[in-house]
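A.B. asks: One structure coming up, written as structure tokens, with questions to follow.
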Amino acid sequence: MRVLITNNTLATPAGTEMYVRDVALGLLRRGHQPIAYSTQLGTVARMLHDATIPVIDDLNKLAVVPDVIHGQHHLDAMTAMLHFPQTPSVYFCHGWVTWEEMPAIFPTLQHYVAVDDLCVERLQCEHGIVPDRIHTIRNFVDLHRFGMREPLPTKPQRALVFSNRAHEQGYLGIIRQACSERRISVDVMGAAAHRSAESPEQFLGSYDIIFAKARSAIEAMACGVAVITCDSFGLGGMVTQQNYAQSRALNFGMRTLHRSISVQHVLDELDRYDAQDAQAITLRIRKEADMEPAIDAIVEVYTRAIASHAAAPAALQPHMTAASDYLRKIAVEAKLRGEAEKLRIVAQAEAATQCLRAEFAEQQNMPIKACAKPVCDTELGTKIASAAKFETIPAPRRSPNELHAWQREQLAVHVAAIEQQGILGLYDKLRSAEHPANTKTPFWRLFVRAYSTRNSYVDCFSARLKLLRARHRPDPFIENLYDEILAKHERVSGMQTTPATSLQSELSTMFAQLGIHALVEIACGHCIWLTSPEPGLQYTGIDLSRALIEQNRRRFASFSWTFALIDVVTSSIPLADAVLCRDWLHFLPLSSISGALHHMRVSGAKYLIATTAPAITTNSETQTGTWRALNLMRPPFNLHEPVMHIEYNGKMLGIWQLRDA
């Protein structure tokens, strides 16, 4: 049987990539002919090729028609099914969350395989796959590779965090702190820590406790190690004989990770360590999760798919209809991703304008505020004089790198030309009928919004920084230049930022009334509302910019404040009395906001302090990075009326008890 196996990537060793490797090797041992396909090849592709398994990134290289398609990840699976429209297919679902795991729908797809009960739920409750077409084949382990270690010690001494998402700025630091209190050394293995593992069987057995989930957790248990299910999504806990059956049905995965990751929670799980119980778990997992019966079950599904297709071959028209439906399903996501990439390039181009602006001011020996006369006696002046043509010149066909450089240069020249008129006159110029094209770029639309609401240039620049952070792609140049722009602006234009002392004073009063002594601020930025340390307040600032976090640590070193690099949408946050979130949720899609609110609720904090707009009756969707007003008391959030609120700068900060939020 010739089996074409598809996957999103065959690059870095990870869950589905290693699943492909194991299945292909199992098929090869049974005399079948596996072929692996992905558009992204790398380490795993090399491992397969070294095992004499063909690996391709172009289906035109496959001159023979496969007997069956083993589809994983819809983009690659649909590519294969459209290329071989008369080949029966089986689709494997490995996850609950990721877009790539969305099941494909196609006439040649009659059977689906789920690796756990949660994937079954996704298939039948979100995508309309009827139960009799779904087969559950739970994740397995190659017992020939993963042998048992010697018995565990009475007290654990070594622990490993085994995850591609673990890094020092995330939950890894919390685990290190908890383990240090129990005198347990901690290592980390995974892509985010720049320590990828091609052969985990060589080191898993050298640890006493392993923090992992899904296949990684199963492999660790098979080696005889005590396992605490954990990942950036949350903390599950020590796997014991009592909770094993339920956790196994859920693949030791996301639905088991229901607790926040805190030092105390990790300590509680470390204290549940029991060497004898762990050994019993090992014997059970090695009995139930053996790879060989699982491969036999997979081959049986292949055989049923081939028989079903032979009995009722699909006509051509349903193929075309299914392909059309599929393109419609992925269109929005694909367009959003493309738009996000374009916005990222524009944002980087705008960062380059700051350098050109400073260079221009230095060459002309004049302040940034106003450079009234045209200057054409330098190379820079020549560029500025020709900048009016920018909006009407179409971009020629270029490579991605050439296009990026061209966009940076052209946008920089255009910005410099406009700013000859001075910052104070910018809004009037943008509104004039003589320059309607200026308002077409995202950069200028941002300025129009800022000036029309009587915000200062610095407020506008802060908004741009928030856009960059919201896209998770901060530009180090624009981050590092912020202080310089802030200082120059206050000196040149005479405009001031929104007074921070007033907001700090009102928050200070509220902290005292509610007994708030520890505060976590999400998207803390440069902490401009805190002009001085708040007496008796333990402050932690969270942001997505590594450069900004390091800068804050240096700037506020004498304040004893803490700063951390954490993505609140996907990761837990430190324990505090209250969580402050000003003007950040407005830049996120509704689903991301729900994820962030979840991590706030499970953090253990008593209060949420967040910006809200009570006048909004319907919360609209948005792309990541595009601002819109939100009312947290309307669906899909449905928070109760705040217990207190603060009016500031035309906005409202609501204070909610998180247990009711």
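Residues in the structure tokens are numbered from 1 in each chain, the chains being A, B, ... in the order shown, and ligands are numbered from 1 in the order shown.
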Please report as a tab-separated table every residue of stretch 106-225 of chain A lying within 9 Å of stretch 299-316 of chain A, along with the nearest atom pair and their distance in Å (one decimal), using only C-alpha atoms.
C.D. replies:
residue	atom	partner	partner_atom	distance
A:Pro107	CA	A:Ala314	CA	6.0
A:Thr108	CA	A:Ala314	CA	6.5
A:Leu109	CA	A:Ala305	CA	7.9
A:Gln110	CA	A:Ala305	CA	6.4
A:His111	CA	A:Ala305	CA	6.4
A:Tyr112	CA	A:Val301	CA	8.7
A:Val113	CA	A:Val301	CA	8.4
A:His135	CA	A:Val301	CA	8.0
A.B. asks: A:Val97, A:Ala192, A:Ala212, A:Ala24: which is nearest A:His167, counting only C-alpha atoms?
C.D. replies: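 Closest candidate: A:Ala192.
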A.B. asks: Using only C-alpha atoms, determine which residues lie at most 9 Å from A:Pro151, disregarding the query and same-chain residues fewer than 3 positions distant; provide the list as a ChimeraX atom specification.
C.D. replies: /A:148,224-225,275-276,279
A.B. asks: Could you pull the residues within 9 Å of A:Met644, counting only C-alpha atoms, minus those fewer than 4 positions along the same chain, as a ChimeraX atom specification?
C.D. replies: /A:510,653-656
A.B. asks: Would you mind reading off the distance between atom CA of A:Thr43 and atom CA of A:Gly173, one decimal, in Å?
C.D. replies: 28.4 Å
A.B. asks: Pick the closest to A:Ala249 from A:Gln513, A:Ser508, A:Thr154, A:Asn139: which is it, counting only C-alpha atoms?
C.D. replies: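 Under the stated criterion, the closest residue is A:Asn139.
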A.B. asks: Fewer than 6 positions away in the same chain doesn't count, so skip those; otherwise give me all residues within 8 Å of A:Ser571, counting only C-alpha atoms, as JSON, numbers by chain.
C.D. replies: {"A": [170, 171, 232, 233, 234, 599]}
A.B. asks: Can you tell me which residues surround A:Gly536 at a distance of at most 12 Å, considering only C-alpha atoms, apart from same-chain residues fewer than 5 positions away, and format the answer as a count of residues only?
C.D. replies: 11
A.B. asks: For A:Val186, work out the shell of residues within 8 Å, counting only C-alpha atoms and skipping chain neighbours fewer than 6 positions away, then give it as a PyMOL selection string.
C.D. replies: chain A and resi 158-161+176+179
A.B. asks: Could you please take those selected residues and save N, CA and C atoms as a tab-separated table (two decimals), in the first residue's frame?
C.D. replies:
chain	number	residue	atom	x	y	z
A	158	ARG	N	15.90	16.08	39.98
A	158	ARG	CA	16.06	16.73	38.68
A	158	ARG	C	14.70	16.81	37.98
A	159	ALA	N	14.45	17.96	37.35
A	159	ALA	CA	13.21	18.16	36.59
A	159	ALA	C	13.54	18.72	35.22
A	160	LEU	N	12.65	18.46	34.28
A	160	LEU	CA	12.81	18.95	32.91
A	160	LEU	C	11.50	19.58	32.45
A	161	VAL	N	11.59	20.76	31.86
A	161	VAL	CA	10.45	21.38	31.19
A	161	VAL	C	10.60	21.05	29.71
A	176	ARG	N	10.91	27.28	37.66
A	176	ARG	CA	12.26	27.32	38.26
A	176	ARG	C	12.19	27.77	39.73
A	179	CYS	N	10.63	24.99	41.89
A	179	CYS	CA	11.55	23.85	42.05
A	179	CYS	C	12.74	24.21	42.94
A.B. asks: Nearest to A:Ser505 among A:Ile646, A:Ser260, A:Leu565, A:Leu4, with distances taken over only C-alpha atoms: which residue is it?
C.D. replies: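 Using only C-alpha atoms, the shortest distance to A:Ser505 belongs to A:Ile646.
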A.B. asks: Quick one, how far is atom CA of A:Ile593 from atom CA of A:Asp231?
C.D. replies: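 It comes out at 19.8 Å.
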A.B. asks: Choose the residue, out of A:Thr16, A:Gln33, A:Ser199, A:Thr240, that has the smallest atom-to-atom separation from A:Thr282; count only C-alpha atoms.
C.D. replies: A:Thr240
A.B. asks: Taking the DSSP assignment computed from this structure's backbone, write out as a ChimeraX atom specification all residues of stretch 71-108 of chain A that belong to helix (DSSP H, G or I).
C.D. replies: /A:74-83,99-101
A.B. asks: Quick one: pick out all strand (DSSP E or B) residues within stretch 136-362 of chain A from a backbone DSSP run and write them as a ChimeraX atom specification.
C.D. replies: /A:136,141,158-162,185-190,195,209-212,226-231,234-238,259,290
A.B. asks: What does the distance between atom CA of A:Leu267 and atom CA of A:Phe211 come to in Å, to one decimal place?
C.D. replies: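 Computing the Euclidean distance for atom CA of A:Leu267 and atom CA of A:Phe211 yields 12.8 Å.
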